[in-house]
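Novice: My structure is stored as coords-v2.csv, with CSV, C-alpha atoms.
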```
chain,number,residue,atom,x,y,z
A,18,MET,CA,68.0,79.1,70.0
A,19,ALA,CA,65.2,78.6,67.5
A,20,ALA,CA,63.6,75.8,69.4
A,21,SER,CA,62.5,78.1,72.2
A,22,SER,CA,59.5,80.4,71.7
A,23,LEU,CA,60.5,82.6,74.6
A,24,SER,CA,62.5,85.8,73.8
A,25,ASP,CA,65.8,86.3,75.6
A,26,SER,CA,64.3,89.0,77.8
A,27,ASP,CA,61.5,86.6,78.8
A,28,LYS,CA,64.1,83.9,79.6
A,29,ARG,CA,66.1,86.4,81.7
A,30,LYS,CA,63.2,87.0,84.1
A,31,ASN,CA,63.4,83.4,85.3
A,32,MET,CA,67.2,83.2,85.6
A,33,PRO,CA,69.6,83.9,88.5
A,34,LEU,CA,70.1,87.5,89.3
A,35,GLU,CA,73.4,88.0,87.5
A,36,TYR,CA,71.7,87.1,84.1
A,37,THR,CA,68.5,89.3,84.6
A,38,THR,CA,69.8,92.3,82.8
A,39,GLU,CA,70.9,92.1,79.1
A,40,GLU,CA,74.2,93.8,80.1
A,41,GLY,CA,75.0,91.2,82.8
A,42,ASP,CA,74.1,88.4,80.5
A,43,LEU,CA,76.3,89.7,77.7
A,44,ARG,CA,79.2,90.5,80.0
A,45,ILE,CA,79.2,86.9,81.4
A,46,VAL,CA,79.4,85.5,77.8
A,47,GLY,CA,82.3,88.0,77.2
A,48,PHE,CA,84.0,86.8,80.3
A,49,TRP,CA,83.9,83.2,78.9
A,50,ILE,CA,85.5,84.5,75.7
A,51,PHE,CA,88.3,86.1,77.9
A,52,MET,CA,88.8,82.7,79.6
A,53,ALA,CA,89.1,81.0,76.3
A,54,SER,CA,91.8,83.5,75.2
A,55,ASP,CA,93.6,83.1,78.6
A,56,LEU,CA,93.5,79.3,77.9
A,57,VAL,CA,95.4,79.9,74.7
A,58,LEU,CA,98.0,82.1,76.5
A,59,PHE,CA,98.7,79.3,79.0
A,60,SER,CA,98.9,76.7,76.2
A,61,THR,CA,101.8,78.7,74.6
A,62,LEU,CA,103.6,78.7,77.9
A,63,PHE,CA,102.9,74.9,78.4
A,64,ALA,CA,104.2,74.2,74.9
A,65,THR,CA,107.4,76.2,75.6
A,66,TYR,CA,107.9,74.5,79.0
A,67,LEU,CA,107.4,71.0,77.6
A,68,ILE,CA,109.9,71.6,74.8
A,69,LEU,CA,112.5,73.1,77.1
A,70,GLN,CA,112.0,70.6,80.0
A,71,GLY,CA,115.0,68.5,79.0
A,72,SER,CA,117.3,71.5,78.3
A,73,ILE,CA,118.9,71.7,81.7
A,74,GLY,CA,122.5,72.7,80.8
A,75,ASN,CA,124.5,72.8,84.0
A,76,GLY,CA,121.4,73.2,86.2
A,77,PRO,CA,119.3,70.6,88.1
A,78,SER,CA,116.7,68.5,86.3
A,79,ALA,CA,113.0,68.5,87.2
A,80,LYS,CA,113.6,65.2,89.1
A,81,ASP,CA,116.4,66.7,91.1
A,82,LEU,CA,114.5,69.9,91.9
A,83,PHE,CA,110.9,69.0,92.6
A,84,GLU,CA,109.7,67.8,96.0
A,85,ILE,CA,106.2,66.3,96.3
A,86,GLY,CA,105.3,67.6,99.8
A,87,PRO,CA,105.0,71.4,99.0
A,88,VAL,CA,103.4,70.6,95.6
A,89,MET,CA,100.6,68.6,97.2
A,90,ALA,CA,100.1,71.3,99.8
A,91,GLU,CA,99.6,73.9,97.1
A,92,THR,CA,97.4,71.6,95.1
A,93,ILE,CA,95.1,70.8,98.0
A,94,VAL,CA,94.9,74.4,99.2
A,95,LEU,CA,93.9,75.5,95.7
A,96,LEU,CA,91.3,72.7,95.2
A,97,VAL,CA,89.7,73.5,98.6
A,98,SER,CA,89.6,77.3,97.7
A,99,SER,CA,87.8,76.4,94.4
A,100,PHE,CA,85.3,74.5,96.6
A,101,THR,CA,84.8,77.4,99.0
A,102,CYS,CA,84.4,79.7,96.0
A,103,GLY,CA,81.7,77.4,94.7
A,104,LEU,CA,79.9,77.6,98.0
A,105,GLY,CA,80.1,81.4,97.7
A,106,THR,CA,78.3,81.3,94.3
A,107,LEU,CA,75.7,79.0,95.9
A,108,GLU,CA,75.1,81.6,98.7
A,109,LEU,CA,74.9,84.3,95.9
A,110,ARG,CA,72.1,82.2,94.3
A,111,ARG,CA,70.3,82.2,97.7
A,112,HIS,CA,70.7,86.0,97.8
A,113,ASN,CA,72.6,85.6,101.1
A,114,THR,CA,75.1,88.5,101.2
A,115,LYS,CA,76.6,87.5,104.5
A,116,GLY,CA,77.2,83.9,103.4
A,117,LEU,CA,78.7,85.0,100.1
A,118,ILE,CA,81.1,87.4,101.8
A,119,PHE,CA,82.0,84.7,104.4
A,120,TRP,CA,82.9,82.1,101.7
A,121,PHE,CA,84.7,84.7,99.5
A,122,VAL,CA,86.9,85.7,102.6
A,123,VAL,CA,87.7,82.0,103.2
A,124,THR,CA,88.6,81.7,99.5
A,125,LEU,CA,90.8,84.8,99.8
A,126,ILE,CA,92.6,83.3,102.9
A,127,LEU,CA,93.3,80.1,101.0
A,128,GLY,CA,94.5,82.0,98.0
A,129,LEU,CA,97.0,83.9,100.2
A,130,ILE,CA,98.2,80.6,101.7
A,131,PHE,CA,98.6,79.2,98.2
A,132,LEU,CA,100.6,82.3,97.1
A,133,GLY,CA,102.8,82.1,100.3
A,134,LEU,CA,103.5,78.4,99.6
A,135,GLU,CA,104.4,79.2,95.9
A,136,ILE,CA,106.7,82.1,96.8
A,137,ASN,CA,108.4,79.9,99.4
A,138,GLU,CA,108.8,77.2,96.8
A,139,PHE,CA,110.4,79.7,94.4
A,140,TYR,CA,112.7,81.0,97.2
A,141,VAL,CA,113.8,77.5,98.1
A,142,TYR,CA,114.5,76.6,94.4
A,143,SER,CA,116.2,79.8,93.3
A,144,VAL,CA,118.2,80.7,96.5
A,145,GLN,CA,118.6,77.6,98.6
A,146,GLU,CA,119.0,75.1,95.8
A,147,GLY,CA,120.9,77.5,93.6
A,148,ALA,CA,118.6,77.2,90.6
A,149,PRO,CA,117.5,80.7,89.5
A,150,ILE,CA,115.5,81.6,86.4
A,151,HIS,CA,118.6,82.3,84.2
A,152,LEU,CA,120.4,79.0,84.9
A,153,SER,CA,118.8,76.9,82.2
A,154,ALA,CA,116.1,76.9,79.6
A,155,PHE,CA,114.1,74.4,81.7
A,156,LEU,CA,114.2,76.8,84.7
A,157,SER,CA,113.2,79.8,82.5
A,158,GLY,CA,110.2,77.9,81.2
A,159,PHE,CA,109.3,76.7,84.7
A,160,TYR,CA,109.4,80.0,86.5
A,161,ILE,CA,107.5,81.8,83.6
A,162,LEU,CA,104.7,79.3,83.4
A,163,LEU,CA,104.2,79.1,87.2
A,164,GLY,CA,104.9,82.8,87.6
A,165,THR,CA,102.1,83.6,85.1
A,166,HIS,CA,99.7,81.4,87.0
A,167,GLY,CA,100.8,83.0,90.3
A,168,ALA,CA,100.3,86.5,88.8
A,169,HIS,CA,96.8,85.5,87.8
A,170,VAL,CA,96.1,84.3,91.4
A,171,THR,CA,97.5,87.6,92.8
A,172,LEU,CA,95.2,89.6,90.5
A,173,GLY,CA,92.3,87.4,91.5
A,174,ILE,CA,93.0,88.1,95.2
A,175,PHE,CA,92.9,91.9,94.6
A,176,TRP,CA,89.7,91.5,92.4
A,177,VAL,CA,87.9,89.5,95.0
A,178,ILE,CA,88.9,91.9,97.8
A,179,CYS,CA,87.3,94.8,95.7
A,180,ILE,CA,84.1,92.7,95.2
A,181,VAL,CA,83.8,91.8,98.9
A,182,ILE,CA,84.0,95.6,99.7
A,183,GLN,CA,81.2,96.3,97.1
A,184,LEU,CA,79.1,93.5,98.5
A,185,ALA,CA,79.5,94.8,102.0
A,186,GLN,CA,78.4,98.3,100.8
A,187,ARG,CA,75.6,97.4,98.3
A,188,GLY,CA,74.5,93.9,99.1
A,189,VAL,CA,73.5,91.5,96.3
A,190,THR,CA,72.1,93.5,93.3
A,191,PRO,CA,72.1,92.4,89.6
A,192,VAL,CA,75.4,94.3,89.2
A,193,THR,CA,77.3,93.0,92.3
A,194,ALA,CA,75.9,89.5,91.6
A,195,ARG,CA,77.4,89.6,88.1
A,196,LYS,CA,80.7,90.7,89.4
A,197,ALA,CA,80.8,88.1,92.2
A,198,PHE,CA,79.8,85.3,89.7
A,199,MET,CA,82.5,86.3,87.2
A,200,ALA,CA,85.2,86.4,89.9
A,201,GLY,CA,84.1,82.9,90.9
A,202,LEU,CA,84.4,81.7,87.3
A,203,TYR,CA,87.9,83.2,87.2
A,204,TRP,CA,88.9,81.5,90.4
A,205,HIS,CA,87.7,78.1,89.1
A,206,PHE,CA,89.5,78.7,85.9
A,207,LEU,CA,92.8,79.2,87.8
A,208,ASP,CA,92.2,75.9,89.5
A,209,VAL,CA,91.8,74.2,86.1
A,210,VAL,CA,95.1,75.7,85.0
A,211,TRP,CA,96.8,74.5,88.2
A,212,ILE,CA,95.5,70.9,87.6
A,213,PHE,CA,97.4,70.9,84.3
A,214,ILE,CA,100.5,72.4,86.0
A,215,TYR,CA,100.4,69.7,88.6
A,216,THR,CA,100.1,67.0,85.9
A,217,ALA,CA,102.3,68.4,83.1
A,218,VAL,CA,105.0,70.0,85.2
A,219,TYR,CA,105.3,68.3,88.6
A,220,LEU,CA,104.1,64.7,88.0
A,221,THR,CA,105.6,64.5,84.5
A,222,GLY,CA,108.9,66.0,85.8
A,223,MET,CA,109.1,63.3,88.5
A,224,VAL,CA,108.2,60.5,86.1
A,225,ILE,CA,110.5,61.2,83.1
B,13,MET,CA,75.3,105.2,85.4
B,14,ILE,CA,74.3,101.6,85.6
B,15,LYS,CA,70.9,101.2,87.1
B,16,GLU,CA,70.9,98.9,90.1
B,17,TYR,CA,67.8,97.5,91.6
B,18,LYS,CA,66.7,94.7,93.9
B,19,ASN,CA,65.2,91.9,91.9
B,20,THR,CA,62.7,89.7,93.7
B,21,ALA,CA,61.4,87.9,90.6
B,22,VAL,CA,64.1,85.2,90.7
B,23,LYS,CA,63.5,82.2,93.0
B,24,PRO,CA,66.5,81.7,95.3
B,25,GLU,CA,68.2,78.3,95.3
B,26,PRO,CA,66.7,76.0,97.9
B,27,LYS,CA,68.3,75.7,101.3
B,28,GLY,CA,70.0,72.5,102.2
B,29,PHE,CA,73.3,70.7,102.1
B,30,PRO,CA,75.5,71.7,99.0
B,31,TRP,CA,75.9,68.1,97.7
B,32,LYS,CA,77.0,69.1,94.3
B,33,GLN,CA,80.0,71.2,95.6
B,34,VAL,CA,81.0,68.6,98.2
B,35,VAL,CA,80.9,65.8,95.6
B,36,GLY,CA,82.9,67.9,93.2
B,37,LEU,CA,85.6,68.6,95.9
B,38,PHE,CA,85.9,64.9,96.8
B,39,LEU,CA,86.1,63.8,93.2
B,40,SER,CA,88.8,66.4,92.6
B,41,LEU,CA,90.8,65.3,95.6
B,42,ALA,CA,90.4,61.6,94.7
B,43,LEU,CA,91.6,62.2,91.1
B,44,THR,CA,94.5,64.3,92.4
B,45,PHE,CA,95.7,61.5,94.7
B,46,LEU,CA,95.0,58.8,92.1
B,47,ALA,CA,97.2,60.7,89.6
B,48,LEU,CA,99.9,60.9,92.3
B,49,TRP,CA,99.7,57.2,93.0
B,50,VAL,CA,99.8,56.3,89.2
B,51,ALA,CA,102.8,58.6,88.7
B,52,LEU,CA,104.9,57.7,91.8
B,53,GLY,CA,103.4,54.6,93.3
B,54,LEU,CA,103.1,52.4,90.2
B,55,SER,CA,106.1,51.7,87.9
B,56,LEU,CA,104.2,51.6,84.6
B,57,PRO,CA,106.1,52.4,81.4
B,58,VAL,CA,106.5,56.2,81.0
B,59,PRO,CA,104.2,56.7,77.9
B,60,ILE,CA,101.3,54.8,79.7
B,61,THR,CA,101.8,56.8,82.9
B,62,LEU,CA,101.7,60.1,81.0
B,63,THR,CA,98.6,59.1,79.1
B,64,VAL,CA,96.8,58.1,82.3
B,65,ILE,CA,97.7,61.2,84.3
B,66,VAL,CA,96.8,63.6,81.4
B,67,GLY,CA,93.4,61.7,81.1
B,68,LEU,CA,92.8,62.1,84.9
B,69,ALA,CA,93.6,65.9,84.6
B,70,ILE,CA,91.1,66.3,81.7
B,71,ILE,CA,88.4,64.5,83.8
B,72,GLN,CA,89.2,66.8,86.7
B,73,ALA,CA,89.0,69.9,84.5
B,74,LEU,CA,85.6,68.8,83.2
B,75,ILE,CA,84.4,68.3,86.9
B,76,GLN,CA,85.4,72.0,87.6
B,77,LEU,CA,83.7,73.1,84.4
B,78,PHE,CA,80.3,71.4,84.9
B,79,MET,CA,80.0,71.2,88.7
B,80,PHE,CA,81.5,74.6,89.7
B,81,MET,CA,81.5,76.8,86.7
B,82,HIS,CA,77.8,76.7,85.5
B,83,PHE,CA,79.1,76.1,82.0
B,84,THR,CA,75.6,75.3,80.6
B,85,GLU,CA,73.8,78.4,81.9
B,86,GLY,CA,72.8,81.6,80.2
B,87,THR,CA,70.1,82.8,77.7
B,88,ASP,CA,72.1,81.0,75.0
B,89,PRO,CA,74.9,78.9,76.4
B,90,SER,CA,76.0,77.8,72.9
B,91,HIS,CA,77.9,81.2,72.7
B,92,GLN,CA,80.2,80.4,75.6
B,93,MET,CA,80.4,76.7,74.5
B,94,MET,CA,81.6,77.7,71.0
B,95,GLY,CA,84.1,80.2,72.6
B,96,ILE,CA,85.5,77.6,75.0
B,97,ALA,CA,85.6,74.8,72.3
B,98,PHE,CA,87.6,77.1,70.0
B,99,GLY,CA,89.9,78.0,72.8
B,100,LEU,CA,90.4,74.3,73.6
B,101,PHE,CA,91.1,73.6,70.0
B,102,VAL,CA,93.7,76.3,69.6
B,103,ALA,CA,95.3,75.3,73.0
B,104,PHE,CA,95.4,71.6,71.9
B,105,ALA,CA,96.8,72.5,68.4
B,106,MET,CA,99.5,74.7,70.1
B,107,VAL,CA,100.7,72.1,72.6
B,108,ALA,CA,100.3,69.0,70.5
B,109,GLY,CA,101.6,70.7,67.3
B,110,THR,CA,104.6,72.1,69.1
B,111,LEU,CA,105.5,68.8,70.6
B,112,TRP,CA,105.0,67.0,67.3
B,113,ILE,CA,107.1,69.5,65.2
B,114,MET,CA,109.9,69.7,67.8
B,115,ALA,CA,110.1,65.9,68.1
B,116,PHE,CA,111.9,66.1,64.6
B,117,MET,CA,114.3,68.8,65.8
B,118,LEU,CA,115.6,67.5,69.1
```
Show how you would write the structure in this file as structure tokens.

Specialist:
Amino acid sequence: MAASSLSDSDKRKNMPLEYTTEEGDLRIVGFWIFMASDLVLFSTLFATYLILQGSIGNGPSAKDLFEIGPVMAETIVLLVSSFTCGLGTLELRRHNTKGLIFWFVVTLILGLIFLGLEINEFYVYSVQEGAPIHLSAFLSGFYILLGTHGAHVTLGIFWVICIVIQLAQRGVTPVTARKAFMAGLYWHFLDVVWIFIYTAVYLTGMVI
Amino acid sequence: MIKEYKNTAVKPEPKGFPWKQVVGLFLSLALTFLALWVALGLSLPVPITLTVIVGLAIIQALIQLFMFMHFTEGTDPSHQMMGIAFGLFVAFAMVAGTLWIMAFML
């Protein structure tokens, strides 16, 4: 920005490790642009779901299907995992490799618990309740929106595992710091998407 | 090959209790349960309930963005702010526009 007399490379010298190289700095901006585009992807799925919410055909409605208990369990697990991921980023800023790996592993475990709960929820709905994806437009929209989020979480789990391995091998360097920071951003982003699923799908479904 | 090196020029964050993260967690949990109570505990008219819970979700998203995601960092954070603002605009136009147009069809 014009107000500052410092050049970008001077500013980088006083910034956290992941920003200290021009490449790291630019890649983090690029990752924000990716998250903006992913936001648009999810908005199309939200729009589709909200339009099809009432098209239940012979299948169950949202009110018949949803149960609040498992939904709250998923929500709390994901919120806490976002918190532990934030603690990981804090340890990264303290250049504490062991602390960072510890909190990333906790985040991974919570992510796996979340996935298990979601897979169980899909199983209960589609097999036990007899409401599979092809039964109604509402169910197609529901499984595709939540499935896309679940696929993102699955990808995030594999990504964080790879980063934990690199951190164990190399410690915190400008390159591994950038990777760990970006994976953290991605994890928080998935939590933001879930907040809107919780509100627009589950709570709305139980109100209308 | 990417050159990797140990950088000691950057001051590490101070030790101490991670207040920001803990406050962010409790605010998120509080807003989640508040939305649950508004939706299922109160019997407000449906449009009011929906407005309130969407408002609470937006507050919670902003908490994640500013308390956990270091949104205002970088050599020039206006780049990512413009990107995210445009993404939010397109997402809003997509959802609100779809609901608005389809309200005439259904």

Novice: My list of candidates is A:Glu138, A:Glu84, A:Glu108, A:Glu146. Which is closest to chain B when distances are computed with all atoms listed in the file?

Specialist: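 Using all atoms listed in the file, chain B sits closest to A:Glu108.
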
Novice: Quick check, in Å to one decimal: how far apart do CA of Leu41 (chain B) and CA of Glu91 (chain A) lie?

Specialist: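 Those two atoms sit 12.4 Å apart.
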
Novice: Which residues are near Leu77 (chain B)? Cut-off 9 Å, only C-alpha atoms, ignore same chain within fewer than 6 positions. Put them as number ranges by chain.

Specialist: A: 205-206, 209; B: 83

Novice: Could the residues in this selection be saved with C-alpha atoms as a CSV table (one decimal), in the frame of the given file?

Specialist:
```
chain,number,residue,atom,x,y,z
A,205,HIS,CA,87.7,78.1,89.1
A,206,PHE,CA,89.5,78.7,85.9
A,209,VAL,CA,91.8,74.2,86.1
B,83,PHE,CA,79.1,76.1,82.0
```

Novice: Please, which residues are within 10 Å of (94.5, 87.1, 91.5) by the file's coordinates, counting only C-alpha atoms, and could they come as a PyMOL selection string?

Specialist: chain A and resi 125+128-129+132+166-178+200+203-204+207

Novice: To one decimal in Å, tell me the separation between CA of Ile45 (chain A) and CA of Lys115 (chain A).

Specialist: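 CA of Lys115 (chain A) lies at a distance of 23.3 Å from CA of Ile45 (chain A).
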
Novice: Please report as a ChimeraX atom specification which residues of chain B come no farther than 8 Å from chain A, using all atoms listed in the file.

Specialist: /B:16-19,21-27,30,33-34,36-37,40-41,47-48,51-52,58,62,65-66,69,72-73,76-77,80-81,86-88,91-92,95-96,98-100,102-104,106-108,110-111,114

Novice: Enter the distance from CA of Phe29 (chain B) to CA of Ala42 (chain B), in Å, rounded to one decimal.

Specialist: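 These two atoms are separated by 20.7 Å.
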
Novice: Restricting the calculation to only C-alpha atoms: of A:Ser78, A:Ser157, A:Ser72, A:Thr165, which residue gets closest to Glu135 (chain A)?

Specialist: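 For Glu135 (chain A), the nearest of the given residues is A:Thr165.
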